[in-house]
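Engineer: To start, I am sharing the structure in question, which I have written as C-alpha cells.
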Amino acid sequence: QVQLVESGGGLVQAGGSLRLSCAASGRTFSNYDMAWFRQAPGKERDFVAAISWGGGRTYYADSVKGRFTISRDNAKNTAYLQMNSLKPEDTAVYYCAARKLSSSFSGNYYNSLKYDYWGQGTQVTVSS
C-alpha cells in the first residue's frame, strides 16, 4: 500500500506559478512510476504529466507542455509539479498517482485506470 499526500495548491493570478508536491509513504518510492492528473468541475479527470521511476522519462499533455515540469526526488519520497505561466483553464483539482513498475508505462502513462494509488487532491485556482 502506498499513501500519497498532495500539497502546494492555492489561488494564483494568470501568468503566475505554483509548485505542487506529492509525498509518498508506505512502500519503496522508486518502485513506482508517478503522474499528475487534474479534474475541473463537471469534467473528466485528465492526464497532466508523468515520470518514470528514476526520472529518466517524462511525458506531458499538449496543453501543459512547455509550462509545467514534473520531477521527483526518490531520496525524499516526493514528486513535484512545477507549474508556470498558469492560465484560468488550468483551474482544477490536481491529483498525484502512483503505479507499480511496468514495461508498458511508456505506452499508457496517460491512462488513469493503470494507476494503483491516488492522493486526495489539491485545489488550484487561476484567476484572470
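Identifiers for the C-alpha cells are assigned positionally: chains receive A, B, ... in sequence, residues are indexed from 1 per chain, and ligands are indexed from 1 in the order shown.
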Set the distance at 7 Å and use only C-alpha atoms: which residues neighbour Ala61 (chain A) once local chain neighbours fewer than 4 positions away are removed? I'd like the list as an MDAnalysis selection string.
Structural biologist: chainID A and resid 47:49 65
Engineer: Which residues come within 12 Å of Ala97 (chain A), counting only C-alpha atoms, excluding same-chain residues fewer than 5 positions away, as number ranges by chain?
Structural biologist: A: 2-6, 21-24, 29, 32-38, 45, 47-51, 78-80, 109-121
Engineer: Would you give me, as JSON, numbers by chain, the residues in region 25-93 of chain A that DSSP reads as strand (DSSP E)?
Structural biologist: {"A": [25, 32, 33, 34, 35, 36, 37, 38, 39, 45, 46, 47, 48, 49, 50, 51, 58, 59, 60, 68, 69, 70, 71, 72, 73, 78, 79, 80, 81, 82, 83, 92, 93]}
Engineer: From the options A:Gln1, A:Gly15, A:Gly55, A:Leu81, which residue's atoms come nearest to Arg27 (chain A), counting only C-alpha atoms?
Structural biologist: A:Gln1
Engineer: Hey, which of A:Gln123, A:Gln39, A:Ser128, A:Thr69 ends up closest to Met83 (chain A)? Count only C-alpha atoms.
Structural biologist: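 Going through A:Gln123, A:Gln39, A:Ser128, A:Thr69 one by one, the smallest distance to Met83 (chain A) is for A:Thr69.
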Engineer: Restricting the calculation to only C-alpha atoms, which member of A:Gln13, A:Ser104, A:Ser25, A:Ser85 is positioned closest to Ser63 (chain A)?
Structural biologist: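 Of the candidates, the smallest distance to Ser63 (chain A) is held by A:Ser85.
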Engineer: Would you mind telling me which residue in A:Ser103, A:Ser52, A:Thr28, A:Thr125 lies nearest to Glu89 (chain A) when using only C-alpha atoms?
Structural biologist: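 Smallest distance to Glu89 (chain A) is found for A:Thr125.
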Engineer: In Å, rounded to a single decimal, give me how far CA of Gly8 (chain A) is from CA of Arg99 (chain A).
Structural biologist: 22.0 Å
Engineer: List the spatial neighbours of Ala40 (chain A) as a ChimeraX atom specification - criterion: any atom at most 7 Å away, only C-alpha atoms, same-chain residues fewer than 3 positions off excluded.
Structural biologist: /A:43,91-93
Engineer: Could you give me, as a list in words, each residue of region 2-128 of chain A that DSSP assigns to helix (DSSP H, G or I) when run on this structure's backbone?
Structural biologist: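 DSSP on the backbone gives helix (DSSP H, G or I) at Phe29, Ser30, Asn31, Pro88, Glu89, Asp90, Phe105, Ser106, Gly107, Asn108, Ser112, Leu113 and Lys114 of chain A.
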Engineer: So that I can see what lies close to Gly16 (chain A), please list as a PyMOL selection string the residues with an atom at most 12 Å from it, counting only C-alpha atoms and leaving out residues fewer than 5 positions away in the same chain.
Structural biologist: chain A and resi 10-11+67-68+82-88+90+124-128
Engineer: Hey, can you check how far CA of Gly54 (chain A) sits from CA of Arg72 (chain A)?
Structural biologist: 8.1 Å
